[in-house]
file work14.cif (mmCIF, C-alpha atoms)
data_start
loop_
_atom_site.label_atom_id
_atom_site.label_comp_id
_atom_site.auth_asym_id
_atom_site.auth_seq_id
_atom_site.Cartn_x
_atom_site.Cartn_y
_atom_site.Cartn_z
CA MET A 963 -1.62 33.81 -25.39
CA ARG A 964 1.65 34.67 -23.70
CA ILE A 965 1.99 31.11 -22.40
CA LEU A 966 1.40 29.76 -25.90
CA ARG A 967 4.12 32.03 -27.30
CA ILE A 968 6.59 30.87 -24.63
CA LEU A 969 5.65 27.24 -25.27
CA SER A 970 6.07 27.54 -29.02
CA PHE A 971 9.45 29.25 -28.50
CA HIS A 972 10.57 26.32 -26.34
CA ILE A 973 9.41 23.77 -28.90
CA ILE A 974 11.27 25.59 -31.70
CA PHE A 975 14.37 25.79 -29.50
CA ILE A 976 14.26 22.08 -28.68
CA PHE A 977 13.83 20.92 -32.26
CA SER A 978 16.52 23.29 -33.51
CA SER A 979 18.90 21.77 -30.97
CA VAL A 980 18.41 18.12 -31.77
CA ALA A 981 20.16 18.04 -35.11
CA THR A 982 23.68 17.53 -33.84
CA ASN A 983 23.79 13.81 -33.18
CA ALA A 984 22.76 12.45 -36.54
CA GLN A 985 24.07 8.92 -36.17
CA SER A 986 21.80 6.00 -35.42
CA PHE A 987 22.90 4.04 -32.44
CA LEU A 988 22.00 1.39 -29.96
CA SER A 989 23.46 1.82 -26.52
CA PHE A 990 23.66 -0.55 -23.58
CA SER A 991 24.53 0.59 -20.10
CA THR A 992 24.37 -0.57 -16.51
CA GLY A 993 25.28 0.76 -13.08
CA ILE A 994 23.42 1.50 -9.88
CA SER A 995 20.01 3.03 -9.21
CA THR A 996 18.19 4.26 -6.11
CA ASP A 997 14.54 5.09 -5.57
CA VAL A 998 14.08 8.71 -4.48
CA ASN A 999 10.34 8.54 -3.79
CA GLN A 1000 10.11 6.56 -0.53
CA ASN A 1001 9.89 7.94 2.98
CA HIS A 1002 11.16 5.01 5.03
CA ASN A 1003 12.94 2.44 2.89
CA SER A 1004 15.74 2.90 0.38
CA PHE A 1005 15.40 0.66 -2.64
CA TYR A 1006 18.35 -0.03 -4.92
CA HIS A 1007 18.49 -1.63 -8.34
CA VAL A 1008 21.00 -2.71 -10.92
CA PRO A 1009 19.61 -0.97 -14.00
CA ILE A 1010 19.91 -2.40 -17.48
CA SER A 1011 19.36 0.48 -19.87
CA ILE A 1012 18.98 0.26 -23.64
CA GLN A 1013 18.61 3.33 -25.82
CA TRP A 1014 17.87 3.24 -29.51
CA LYS A 1015 18.01 6.16 -31.90
CA PRO A 1016 16.58 4.78 -35.11
CA GLY A 1017 16.74 7.63 -37.62
CA ASN A 1018 19.90 8.51 -39.54
CA ARG A 1019 18.66 11.80 -40.87
CA PRO A 1020 20.17 14.85 -39.22
CA ASN A 1021 16.76 16.12 -38.17
CA SER A 1022 15.53 12.83 -36.73
CA PRO A 1023 15.38 13.48 -33.01
CA PHE A 1024 13.45 10.50 -31.70
CA LEU A 1025 14.87 8.19 -29.11
CA PHE A 1026 13.48 5.04 -27.51
CA GLY A 1027 14.47 3.68 -24.14
CA LEU A 1028 14.04 0.39 -22.30
CA ASP A 1029 15.01 0.33 -18.65
CA TYR A 1030 14.79 -2.60 -16.29
CA GLY A 1031 15.81 -2.34 -12.65
CA ILE A 1032 16.99 -5.66 -11.22
CA PRO A 1033 16.01 -5.41 -7.55
CA LEU A 1034 18.57 -5.57 -4.79
CA ILE A 1035 17.12 -6.88 -1.52
CA THR A 1036 16.13 -4.21 0.99
CA LYS A 1037 15.76 -5.30 4.60
CA GLY A 1038 12.73 -4.32 6.65
CA SER A 1039 11.10 -5.45 9.86
CA GLY A 1040 7.70 -6.19 11.34
CA ASP A 1041 6.07 -7.40 14.55
CA ALA A 1042 3.89 -10.50 14.66
CA TYR A 1043 1.47 -11.54 17.40
CA THR A 1044 -0.16 -14.77 18.51
CA LEU A 1045 -3.04 -15.94 20.66
CA ASN A 1046 -1.34 -19.27 21.34
CA PRO A 1047 -0.45 -19.29 25.06
CA GLN A 1048 2.34 -21.80 24.39
CA LEU A 1049 4.22 -19.25 22.27
CA PRO A 1050 5.72 -15.81 22.94
CA GLU A 1051 2.96 -13.27 22.36
CA LYS A 1052 5.11 -11.08 20.12
CA VAL A 1053 8.03 -11.75 17.81
CA SER A 1054 10.03 -9.37 15.63
CA LEU A 1055 10.52 -10.46 12.04
CA THR A 1056 12.90 -9.37 9.34
CA GLU A 1057 11.61 -8.98 5.82
CA ASP A 1058 13.13 -8.97 2.38
CA ILE A 1059 11.66 -6.43 -0.01
CA ARG A 1060 12.34 -6.63 -3.74
CA ALA A 1061 11.21 -3.64 -5.80
CA SER A 1062 11.52 -4.12 -9.56
CA ILE A 1063 10.72 -1.64 -12.32
CA PHE A 1064 10.43 -1.85 -16.09
CA THR A 1065 9.99 1.24 -18.23
CA ILE A 1066 9.52 1.88 -21.94
CA SER A 1067 10.03 5.49 -22.93
CA VAL A 1068 9.89 7.68 -26.02
CA GLY A 1069 11.65 11.00 -26.28
CA PHE A 1070 14.28 13.04 -28.04
CA GLN A 1071 17.87 14.08 -27.60
CA ILE A 1072 19.15 17.64 -27.27
CA HIS A 1073 22.78 18.52 -27.85
CA LEU A 1074 24.17 20.60 -25.00
CA ILE A 1075 27.92 20.95 -25.35
CA SER A 1076 31.00 19.44 -27.07
CA ASN A 1077 34.68 19.87 -26.31
CA LYS A 1078 37.77 19.86 -28.54
CA LYS A 1079 38.01 16.07 -28.42
CA ASN A 1080 34.43 15.96 -29.59
CA ASN A 1081 33.24 14.48 -26.30
CA THR A 1082 29.63 15.52 -26.09
CA LEU A 1083 26.97 16.10 -23.45
CA TYR A 1084 23.35 15.50 -24.39
CA LEU A 1085 20.09 15.98 -22.59
CA ASP A 1086 17.62 13.17 -23.25
CA LEU A 1087 14.01 14.08 -22.55
CA PHE A 1088 11.34 11.39 -22.33
CA PRO A 1089 7.96 13.10 -21.97
CA LEU A 1090 6.15 9.78 -22.42
CA ALA A 1091 7.10 6.65 -20.51
CA ILE A 1092 5.08 3.61 -19.48
CA SER A 1093 6.33 2.01 -16.32
CA SER A 1094 5.45 -1.30 -14.66
CA GLN A 1095 6.50 -1.70 -11.05
CA ARG A 1096 6.35 -4.53 -8.55
CA TYR A 1097 7.07 -4.94 -4.85
CA LYS A 1098 7.54 -8.42 -3.44
CA VAL A 1099 7.69 -8.82 0.33
CA THR A 1100 8.88 -11.94 2.17
CA TYR A 1101 8.88 -12.21 5.96
CA LYS A 1102 11.63 -14.57 7.07
CA ASN A 1103 11.04 -17.41 9.54
CA TYR A 1104 7.38 -16.46 9.75
CA ASP A 1105 5.11 -19.00 11.48
CA LYS A 1106 2.00 -18.23 9.42
CA GLU A 1107 -0.14 -20.75 11.28
CA ASN A 1108 0.28 -19.17 14.70
CA TYR A 1109 1.30 -15.55 14.14
CA GLU A 1110 -0.18 -12.52 12.39
CA VAL A 1111 1.96 -9.58 11.27
CA MET A 1112 0.62 -6.20 12.40
CA ASN A 1113 0.33 -3.62 9.58
CA PRO A 1114 2.38 -5.76 7.19
CA ASP A 1115 4.06 -4.52 4.07
CA LEU A 1116 2.05 -5.86 1.15
CA ASN A 1117 3.04 -7.14 -2.26
CA ARG A 1118 2.13 -4.60 -4.86
CA LYS A 1119 1.90 -4.42 -8.62
CA THR A 1120 1.35 -1.06 -10.19
CA GLY A 1121 2.01 0.84 -13.36
CA GLY A 1122 1.21 3.96 -15.25
CA LEU A 1123 2.58 6.88 -17.17
CA ALA A 1124 5.74 8.68 -16.18
CA MET A 1125 8.32 11.14 -17.50
CA ALA A 1126 12.08 10.87 -17.49
CA MET A 1127 15.17 12.83 -18.35
CA ALA A 1128 18.85 11.98 -18.58
CA PHE A 1129 22.19 13.69 -18.99
CA VAL A 1130 24.31 11.53 -21.30
CA TYR A 1131 28.00 12.04 -21.90
CA TYR A 1132 29.55 10.40 -24.97
CA PHE A 1133 33.31 10.07 -24.79
CA ALA A 1134 36.38 8.12 -25.94
CA LYS A 1135 37.88 8.12 -29.41
CA LYS A 1136 34.81 7.17 -31.39
CA GLN A 1137 32.27 8.53 -28.95
CA ASP A 1138 31.37 4.94 -28.32
CA MET A 1139 31.55 5.04 -24.52
CA MET A 1140 28.80 6.68 -22.53
CA ALA A 1141 27.93 7.71 -19.00
CA MET A 1142 24.38 8.61 -18.04
CA ILE A 1143 22.52 10.07 -15.10
CA ARG A 1144 18.81 9.43 -15.50
CA ILE A 1145 15.84 10.29 -13.31
CA GLN A 1146 12.27 9.17 -13.74
CA SER A 1147 9.12 10.54 -12.15
CA PRO A 1148 6.68 8.39 -10.11
CA THR A 1149 3.83 6.97 -12.16
CA THR A 1150 0.57 8.85 -12.59
CA ILE A 1151 -1.52 5.94 -11.32
CA SER A 1152 -1.36 5.07 -7.66
CA ASN A 1153 -4.54 3.24 -6.67
CA ASN A 1154 -3.47 1.87 -3.31
CA ASP A 1155 -4.81 3.71 -0.28
CA TYR A 1156 -3.32 1.34 2.33
CA PRO A 1157 -1.42 3.70 4.66
CA HIS A 1158 1.56 1.36 4.82
CA ALA A 1159 1.80 0.90 1.03
CA PHE A 1160 4.98 1.52 -0.88
CA LYS A 1161 4.95 4.54 -3.13
CA SER A 1162 5.55 4.46 -6.85
CA ILE A 1163 9.25 4.02 -7.66
CA ALA A 1164 11.14 7.06 -8.98
CA PRO A 1165 14.60 5.77 -9.92
CA LEU A 1166 17.70 7.94 -10.02
CA GLN A 1167 20.32 5.95 -11.90
CA LEU A 1168 23.95 6.27 -12.82
CA THR A 1169 25.06 4.00 -15.65
CA PHE A 1170 28.07 3.40 -17.88
CA GLY A 1171 27.91 1.67 -21.20
CA TYR A 1172 28.71 1.36 -24.86
CA ASN A 1173 27.25 2.88 -28.04
CA PHE A 1174 26.95 0.87 -31.22
CA PHE A 1175 26.73 3.30 -34.16
CA TYR A 1176 25.33 1.41 -37.09
CA LYS A 1177 24.53 4.08 -39.69
CA LYS A 1178 26.86 6.96 -40.22
CA ILE A 1179 26.18 10.17 -42.08
CA LYS A 1180 28.50 10.62 -45.00
CA MET B 1336 -19.18 33.37 -13.71
CA LYS B 1337 -20.47 33.23 -10.16
CA SER B 1338 -22.79 30.36 -10.97
CA ILE B 1339 -19.93 28.39 -12.58
CA ARG B 1340 -17.92 28.83 -9.40
CA SER B 1341 -20.86 27.64 -7.31
CA ILE B 1342 -21.33 24.55 -9.49
CA ALA B 1343 -17.60 23.78 -9.32
CA ALA B 1344 -17.59 24.17 -5.53
CA GLY B 1345 -20.63 21.90 -5.28
CA CYS B 1346 -18.93 19.25 -7.43
CA MET B 1347 -15.80 19.45 -5.28
CA ILE B 1348 -17.82 18.95 -2.08
CA ILE B 1349 -19.65 15.96 -3.58
CA LEU B 1350 -16.36 14.44 -4.76
CA LEU B 1351 -14.87 15.01 -1.32
CA LEU B 1352 -17.78 13.35 0.44
CA TYR B 1353 -17.83 10.53 -2.07
CA SER B 1354 -14.19 9.77 -1.43
CA CYS B 1355 -14.56 9.91 2.36
CA GLY B 1356 -15.60 6.31 3.05
CA LYS B 1357 -13.44 3.33 2.24
CA ARG B 1358 -13.91 -0.38 2.78
CA ASN B 1359 -10.34 -0.73 4.07
CA PHE B 1360 -10.35 -4.48 3.44
CA TYR B 1361 -6.80 -5.47 2.54
CA PRO B 1362 -6.65 -9.20 1.71
CA ASP B 1363 -4.33 -11.36 3.78
CA ALA B 1364 -2.40 -13.47 1.27
CA ASP B 1365 -1.85 -16.20 3.88
CA ASP B 1366 -5.49 -16.39 5.02
CA PRO B 1367 -7.82 -16.19 2.02
CA GLY B 1368 -10.98 -14.20 2.65
CA LEU B 1369 -9.60 -12.37 5.68
CA SER B 1370 -8.22 -8.87 5.94
CA ILE B 1371 -4.74 -8.25 7.30
CA LEU B 1372 -4.19 -7.44 10.96
CA SER B 1373 -4.05 -3.64 11.12
CA SER B 1374 -4.18 -0.87 13.71
CA TYR B 1375 -5.47 2.18 11.87
CA GLY B 1376 -9.07 2.28 13.11
CA PHE B 1377 -10.36 0.85 9.82
CA ASN B 1378 -13.46 -0.66 11.47
CA ILE B 1379 -12.76 -3.95 9.77
CA ALA B 1380 -12.95 -7.37 11.41
CA SER B 1381 -12.66 -10.77 9.80
CA VAL B 1382 -12.64 -14.36 11.04
CA TYR B 1383 -13.10 -17.98 10.01
CA ILE B 1384 -16.16 -19.71 11.44
CA ASN B 1385 -15.93 -23.42 10.66
CA ASN B 1386 -13.33 -22.51 8.02
CA VAL B 1387 -15.66 -20.06 6.21
CA ALA B 1388 -14.48 -16.43 6.02
CA TYR B 1389 -16.72 -13.80 7.62
CA VAL B 1390 -16.28 -10.03 7.67
CA ASN B 1391 -18.24 -7.12 9.11
CA PRO B 1392 -20.57 -5.59 6.50
CA TYR B 1393 -20.65 -2.06 5.16
CA LYS B 1394 -23.25 0.38 3.98
CA ARG B 1395 -23.14 2.99 1.26
CA GLY B 1396 -23.28 6.65 2.20
CA ILE B 1397 -26.16 8.90 1.13
CA ILE B 1398 -24.18 10.26 -1.81
CA GLY B 1399 -21.65 7.48 -2.19
CA GLY B 1400 -18.61 6.17 -0.41
CA ILE B 1401 -18.51 3.20 1.92
CA VAL B 1402 -18.97 3.09 5.67
CA ASN B 1403 -18.05 -0.09 7.54
CA TYR B 1404 -20.46 -1.00 10.31
CA ALA B 1405 -18.81 -0.17 13.62
CA PRO B 1406 -19.02 -2.54 16.60
CA THR B 1407 -20.80 -1.83 19.86
CA LEU B 1408 -18.78 -1.77 23.07
CA ARG B 1409 -20.90 -1.85 26.21
CA LYS B 1410 -20.62 -2.77 29.83
CA ILE B 1411 -23.50 -5.01 30.85
CA GLN B 1412 -24.42 -4.82 34.50
CA THR B 1413 -25.09 -8.17 36.14
CA ALA B 1414 -26.39 -9.26 39.51
CA GLY B 1415 -23.13 -11.12 40.15
CA ALA B 1416 -19.78 -9.95 41.52
CA VAL B 1417 -18.54 -8.81 38.10
CA ASP B 1418 -20.04 -7.09 35.11
CA THR B 1419 -19.53 -8.09 31.48
CA LEU B 1420 -17.80 -6.03 28.82
CA SER B 1421 -19.41 -6.88 25.50
CA LEU B 1422 -17.76 -6.19 22.15
CA SER B 1423 -20.19 -7.12 19.37
CA TRP B 1424 -20.35 -6.59 15.65
CA LEU B 1425 -22.30 -7.70 12.60
CA ILE B 1426 -20.81 -10.31 10.27
CA ASN B 1427 -21.52 -11.60 6.79
CA LYS B 1428 -19.95 -14.37 4.76
CA ASN B 1429 -17.13 -12.81 2.79
CA ASP B 1430 -18.45 -13.82 -0.61
CA ASN B 1431 -21.09 -12.48 -2.93
CA SER B 1432 -24.03 -14.04 -1.10
CA THR B 1433 -26.44 -11.73 0.73
CA GLY B 1434 -26.25 -11.32 4.48
CA TYR B 1435 -29.68 -12.96 4.84
CA ASN B 1436 -28.22 -16.27 3.69
CA SER B 1437 -25.47 -16.20 6.28
CA PRO B 1438 -25.93 -18.68 9.17
CA TYR B 1439 -24.23 -16.24 11.53
CA GLN B 1440 -25.15 -12.56 11.67
CA ASN B 1441 -23.12 -11.26 14.56
CA ILE B 1442 -20.36 -12.16 16.95
CA SER B 1443 -19.81 -11.09 20.56
CA LEU B 1444 -16.73 -11.18 22.76
CA LEU B 1445 -17.66 -11.13 26.44
CA ILE B 1446 -15.08 -10.19 29.06
CA PRO B 1447 -15.67 -10.29 32.82
CA VAL B 1448 -14.80 -6.87 34.31
CA SER B 1449 -15.11 -5.18 37.68
CA LYS B 1450 -18.18 -3.16 38.57
CA SER B 1451 -16.06 0.02 38.47
CA PHE B 1452 -14.59 -0.70 35.01
CA SER B 1453 -13.83 2.56 33.17
CA VAL B 1454 -12.37 3.78 29.88
CA ASN B 1455 -8.94 4.00 31.53
CA ASP B 1456 -9.23 0.34 32.57
CA PHE B 1457 -10.05 -0.50 28.96
CA ILE B 1458 -7.01 1.41 27.70
CA ALA B 1459 -4.92 -0.49 30.26
CA LEU B 1460 -5.82 -3.71 28.42
CA SER B 1461 -3.54 -2.58 25.56
CA GLY B 1462 -0.86 -5.18 24.92
CA LYS B 1463 -2.60 -7.75 27.14
CA ARG B 1464 -3.21 -11.29 26.02
CA LEU B 1465 -6.08 -12.26 28.28
CA ALA B 1466 -5.78 -15.57 30.04
CA ALA B 1467 -6.67 -18.48 27.81
CA ASN B 1468 -10.36 -19.31 27.82
CA SER B 1469 -11.13 -16.65 30.44
CA ASN B 1470 -13.59 -14.91 28.13
CA ALA B 1471 -16.77 -15.95 26.44
CA ILE B 1472 -17.65 -15.79 22.76
CA ALA B 1473 -21.05 -16.03 21.12
CA VAL B 1474 -22.61 -15.83 17.71
CA ASN B 1475 -26.12 -14.67 16.75
CA SER B 1476 -26.78 -13.13 20.13
CA PHE B 1477 -26.10 -9.57 21.20
CA TYR B 1478 -25.27 -8.78 24.82
CA ASN B 1479 -26.75 -11.72 26.70
CA PRO B 1480 -26.15 -15.03 24.96
CA ALA B 1481 -27.70 -18.18 26.35
CA ASN B 1482 -24.86 -20.59 25.59
CA PRO B 1483 -21.58 -18.79 25.00
CA GLY B 1484 -18.40 -20.65 24.23
CA ARG B 1485 -14.84 -20.06 25.38
CA SER B 1486 -12.53 -17.56 23.74
CA ASN B 1487 -8.93 -16.38 23.60
CA LEU B 1488 -8.50 -12.66 23.19
CA TYR B 1489 -5.49 -10.39 22.70
CA PHE B 1490 -5.86 -6.58 22.71
CA ILE B 1491 -2.64 -5.74 20.86
CA LYS B 1492 -3.06 -1.97 20.67
CA ILE B 1493 -5.54 0.39 22.32
CA HIS B 1494 -5.27 4.12 22.18
CA VAL B 1495 -7.57 7.08 22.52
CA ASP B 1496 -7.80 10.56 21.08
CA THR B 1497 -10.17 13.40 21.88
CA SER B 1498 -13.15 11.79 20.20
CA ALA B 1499 -12.60 8.07 19.70
CA LEU B 1500 -11.20 4.81 21.00
CA TYR B 1501 -8.99 2.78 18.64
CA PHE B 1502 -8.30 -0.86 19.36
CA SER B 1503 -7.03 -3.84 17.43
CA GLY B 1504 -6.36 -7.44 18.28
CA LEU B 1505 -6.79 -11.15 17.74
CA PHE B 1506 -9.38 -13.66 18.92
CA ASP B 1507 -10.51 -17.24 18.48
CA GLY B 1508 -12.86 -19.60 20.28
CA LYS B 1509 -15.11 -22.59 20.29
CA ILE B 1510 -18.84 -22.85 20.97
CA GLY B 1511 -19.89 -26.37 21.78
CA ASP B 1512 -18.52 -28.95 19.39
CA SER B 1513 -20.04 -27.49 16.27
CA ILE B 1514 -18.75 -23.90 15.98
CA VAL B 1515 -15.00 -23.35 15.71
CA ILE B 1516 -13.81 -19.76 15.41
CA THR B 1517 -10.24 -19.23 14.19
CA LYS B 1518 -7.85 -16.55 12.97
CA GLY B 1519 -10.07 -13.66 14.14
CA ARG B 1520 -8.64 -10.18 13.90
CA PHE B 1521 -10.21 -6.73 14.40
CA ASP B 1522 -9.24 -3.08 13.91
CA PHE B 1523 -11.95 -0.85 15.37
CA LYS B 1524 -12.61 2.82 16.02
CA ILE B 1525 -15.53 3.74 18.27
CA ASP B 1526 -16.83 7.18 19.10
CA LYS B 1527 -16.29 7.83 22.81
CA ASN B 1528 -19.89 8.95 23.14
CA ALA B 1529 -21.06 5.54 21.96
CA ILE B 1530 -19.76 3.62 24.97
CA ASN B 1531 -21.53 3.43 28.32
CA PHE B 1532 -18.65 3.19 30.80
#

call {"tool": "encode", "arguments": {"input": "work14.cif", "output": "structure tokens"}}
result
Amino acid sequence: MRILRILSFHIIFIFSSVATNAQSFLSFSTGISTDVNQNHNSFYHVPISIQWKPGNRPNSPFLFGLDYGIPLITKGSGDAYTLNPQLPEKVSLTEDIRASIFTISVGFQIHLISNKKNNTLYLDLFPLAISSQRYKVTYKNYDKENYEVMNPDLNRKTGGLAMAMAFVYYFAKKQDMMAMIRIQSPTTISNNDYPHAFKSIAPLQLTFGYNFFYKKIK
Amino acid sequence: MKSIRSIAAGCMIILLLYSCGKRNFYPDADDPGLSILSSYGFNIASVYINNVAYVNPYKRGIIGGIVNYAPTLRKIQTAGAVDTLSLSWLINKNDNSTGYNSPYQNISLLIPVSKSFSVNDFIALSGKRLAANSNAIAVNSFYNPANPGRSNLYFIKIHVDTSALYFSGLFDGKIGDSIVITKGRFDFKIDKNAINF
């Protein structure tokens, strides 16, 4: 019962805090993103982030997000072996790994603080996100006919549910510029038990962009 | 309350046992039908025989899960100057047909070894690509084949822990003019008590 009371208090607090930004907007931002859920490799992306707040009523809190991470190539390595006595028995290979991620999320925006110039900090919470993720691995100069890579990194497609949150700062004269730090959890589904498999991507991204306000409260 | 706890504990144990066994077949994108070359003790081996993919079979556990059939590793004593180390395992076509329809049911790699060959000598083979065609290979005949062919064999990694031997490698071979064995790879784990040297 106590937990329920605390939970209901939090829900009331959240929905009483969302009324501040009443304008509908569409925002576009980009920057740099890194995956914080891998043990060995660091994956980087150029995120393209779109946020849409459709309602123009003061108490319309909902927010939709689309985030696509354009993969930057991460270098890896592997050893390959051959039975062919005419060839060196072992060669070291370099690999290119591209990790891309696409996420659709639904959430709401909470006003945190504003200053005298009306620059404002918001907390965006996305309790429901659907994320599709893909790893593509290419071994360079790999003689597939004669060599076999030991414990290779494997291509992987995965997806599932996730959660995300972001701190968004609206600034400039018309509040039309924005800076955002966003973090997303790994997905709930991870059905690959290969010990060398990449984990689900959890991007931490820093982006800058522009807000288009298209309905203003009179 | 106590009975609920007992039922929950029982369910957990069953789930745990069910999730114990795995097939550990990870498809090699470059060689359709074969598993990748690995070194985790997966007990998985795959090979092309006359360009048809074969893999070692598996069985289901008593209450679920999958257990890959392990190979046998034995030293066969001979009357000659050297003994024979035999590494044999069951194979099935890697498709949906039953094992009974497969023309080949097992494969054996036969390596000449000294009479005093021991586990330490076997571990010392780690990283060794054995001289080309110095070993024999056979299908459908455990231990003592009548007409073995010639094989290339590379033990890439061998290591041992307190209870088991882990070894992985590559092999190919040819038996007569009719059986061509290519792209073979294995990743085995054998209980130390199951070997006779």

call {"tool": "closest_residue", "arguments": {"input": "work14.cif", "among": "B:Leu1369, B:Val1417, B:Ala1388, B:Ile1426", "to": "Ala1405 (chain B)", "atoms": "all atoms listed in the file"}}
result
B:Ile1426

call {"tool": "interface_residues", "arguments": {"input": "work14.cif", "of": "chain B", "to": "chain A", "cutoff": "12 Å", "atoms": "all atoms listed in the file", "output": "JSON, numbers by chain"}}
result
{"B": [1354, 1355, 1356, 1357, 1358, 1359, 1360, 1361, 1362, 1363, 1364, 1365, 1366, 1369, 1370, 1371, 1372, 1373, 1374, 1375, 1376, 1377, 1462, 1463, 1464, 1465, 1466, 1467, 1468, 1486, 1487, 1488, 1489, 1490, 1491, 1492, 1503, 1504, 1505, 1506, 1507, 1508, 1517, 1518, 1519, 1520, 1521, 1522]}

call {"tool": "residues_around", "arguments": {"input": "work14.cif", "residues": "region 1523-1527 of chain B", "least_positions_apart": "5", "cutoff": "10 Å", "atoms": "all atoms listed in the file", "output": "MDAnalysis selection string"}}
result
chainID B and resid 1373:1380 1403:1408 1454 1493:1504 1532

call {"tool": "write_last_selection", "arguments": {"input": "work14.cif", "atoms": "C-alpha atoms", "output": "PDB file, keeping the file's coordinate frame"}}
result
ATOM      1  CA  SER B1373      -4.050  -3.640  11.120  1.00  0.00           C
ATOM      2  CA  SER B1374      -4.180  -0.870  13.710  1.00  0.00           C
ATOM      3  CA  TYR B1375      -5.470   2.180  11.870  1.00  0.00           C
ATOM      4  CA  GLY B1376      -9.070   2.280  13.110  1.00  0.00           C
ATOM      5  CA  PHE B1377     -10.360   0.850   9.820  1.00  0.00           C
ATOM      6  CA  ASN B1378     -13.460  -0.660  11.470  1.00  0.00           C
ATOM      7  CA  ILE B1379     -12.760  -3.950   9.770  1.00  0.00           C
ATOM      8  CA  ALA B1380     -12.950  -7.370  11.410  1.00  0.00           C
ATOM      9  CA  ASN B1403     -18.050  -0.090   7.540  1.00  0.00           C
ATOM     10  CA  TYR B1404     -20.460  -1.000  10.310  1.00  0.00           C
ATOM     11  CA  ALA B1405     -18.810  -0.170  13.620  1.00  0.00           C
ATOM     12  CA  PRO B1406     -19.020  -2.540  16.600  1.00  0.00           C
ATOM     13  CA  THR B1407     -20.800  -1.830  19.860  1.00  0.00           C
ATOM     14  CA  LEU B1408     -18.780  -1.770  23.070  1.00  0.00           C
ATOM     15  CA  VAL B1454     -12.370   3.780  29.880  1.00  0.00           C
ATOM     16  CA  ILE B1493      -5.540   0.390  22.320  1.00  0.00           C
ATOM     17  CA  HIS B1494      -5.270   4.120  22.180  1.00  0.00           C
ATOM     18  CA  VAL B1495      -7.570   7.080  22.520  1.00  0.00           C
ATOM     19  CA  ASP B1496      -7.800  10.560  21.080  1.00  0.00           C
ATOM     20  CA  THR B1497     -10.170  13.400  21.880  1.00  0.00           C
ATOM     21  CA  SER B1498     -13.150  11.790  20.200  1.00  0.00           C
ATOM     22  CA  ALA B1499     -12.600   8.070  19.700  1.00  0.00           C
ATOM     23  CA  LEU B1500     -11.200   4.810  21.000  1.00  0.00           C
ATOM     24  CA  TYR B1501      -8.990   2.780  18.640  1.00  0.00           C
ATOM     25  CA  PHE B1502      -8.300  -0.860  19.360  1.00  0.00           C
ATOM     26  CA  SER B1503      -7.030  -3.840  17.430  1.00  0.00           C
ATOM     27  CA  GLY B1504      -6.360  -7.440  18.280  1.00  0.00           C
ATOM     28  CA  PHE B1532     -18.650   3.190  30.800  1.00  0.00           C
TER      29      PHE B1532
END

call {"tool": "resolve_selection", "arguments": {"input": "work14.cif", "expression": "the PyMOL selection byres ((chain A and resi 990) around 9)", "output": "list in words"}}
result
Leu988, Ser989, Ser991, Thr992, Ile1010, Ser1011, Ile1012, Gln1013, Met1140, Phe1170, Gly1171, Tyr1172, Asn1173 and Phe1174 of chain A

call {"tool": "atom_distance", "arguments": {"input": "work14.cif", "atom1": "CA of Leu1166 (chain A)", "atom2": "CA of Phe1070 (chain A)"}}
result
19.0 Å

call {"tool": "resolve_selection", "arguments": {"input": "work14.cif", "expression": "the PyMOL selection byres ((chain B and resi 1510) around 8)", "output": "number ranges by chain"}}
result
B: 1472-1473, 1482-1485, 1508-1509, 1511-1515

call {"tool": "atom_distance", "arguments": {"input": "work14.cif", "atom1": "CA of Gly1122 (chain A)", "atom2": "CA of Thr1100 (chain A)"}}
result
24.8 Å

call {"tool": "closest_residue", "arguments": {"input": "work14.cif", "among": "B:Thr1419, B:Asn1427, B:Ser1451, B:Gln1412", "to": "Asn1391 (chain B)", "atoms": "only C-alpha atoms"}}
result
B:Asn1427

call {"tool": "closest_residue", "arguments": {"input": "work14.cif", "among": "A:Val1130, A:Glu1057, A:Leu1090, A:Gln1048", "to": "His1073 (chain A)", "atoms": "only C-alpha atoms"}}
result
A:Val1130

call {"tool": "decode", "arguments": {"input": "work14.cif", "residues": "region 1416-1422 of chain B", "atoms": "N, CA and C atoms", "output": "mmCIF file, in the first residue's frame"}}
result
data_model
loop_
_atom_site.group_PDB
_atom_site.id
_atom_site.type_symbol
_atom_site.label_atom_id
_atom_site.label_comp_id
_atom_site.auth_asym_id
_atom_site.auth_seq_id
_atom_site.Cartn_x
_atom_site.Cartn_y
_atom_site.Cartn_z
ATOM 1 N N ALA B 1416 55.387 -49.950 -34.618
ATOM 2 C CA ALA B 1416 56.274 -49.096 -33.823
ATOM 3 C C ALA B 1416 55.536 -47.929 -33.178
ATOM 4 N N VAL B 1417 54.418 -47.547 -33.758
ATOM 5 C CA VAL B 1417 53.641 -46.424 -33.203
ATOM 6 C C VAL B 1417 52.206 -46.850 -32.951
ATOM 7 N N ASP B 1418 51.583 -46.140 -32.021
ATOM 8 C CA ASP B 1418 50.151 -46.339 -31.793
ATOM 9 C C ASP B 1418 49.366 -45.314 -32.616
ATOM 10 N N THR B 1419 48.050 -45.380 -32.511
ATOM 11 C CA THR B 1419 47.195 -44.455 -33.276
ATOM 12 C C THR B 1419 46.285 -43.698 -32.316
ATOM 13 N N LEU B 1420 46.311 -42.384 -32.428
ATOM 14 C CA LEU B 1420 45.362 -41.559 -31.672
ATOM 15 C C LEU B 1420 44.137 -41.368 -32.554
ATOM 16 N N SER B 1421 43.000 -41.761 -32.046
ATOM 17 C CA SER B 1421 41.763 -41.704 -32.838
ATOM 18 C C SER B 1421 40.793 -40.679 -32.245
ATOM 19 N N LEU B 1422 40.424 -39.722 -33.058
ATOM 20 C CA LEU B 1422 39.405 -38.737 -32.678
ATOM 21 C C LEU B 1422 38.209 -38.978 -33.587
#
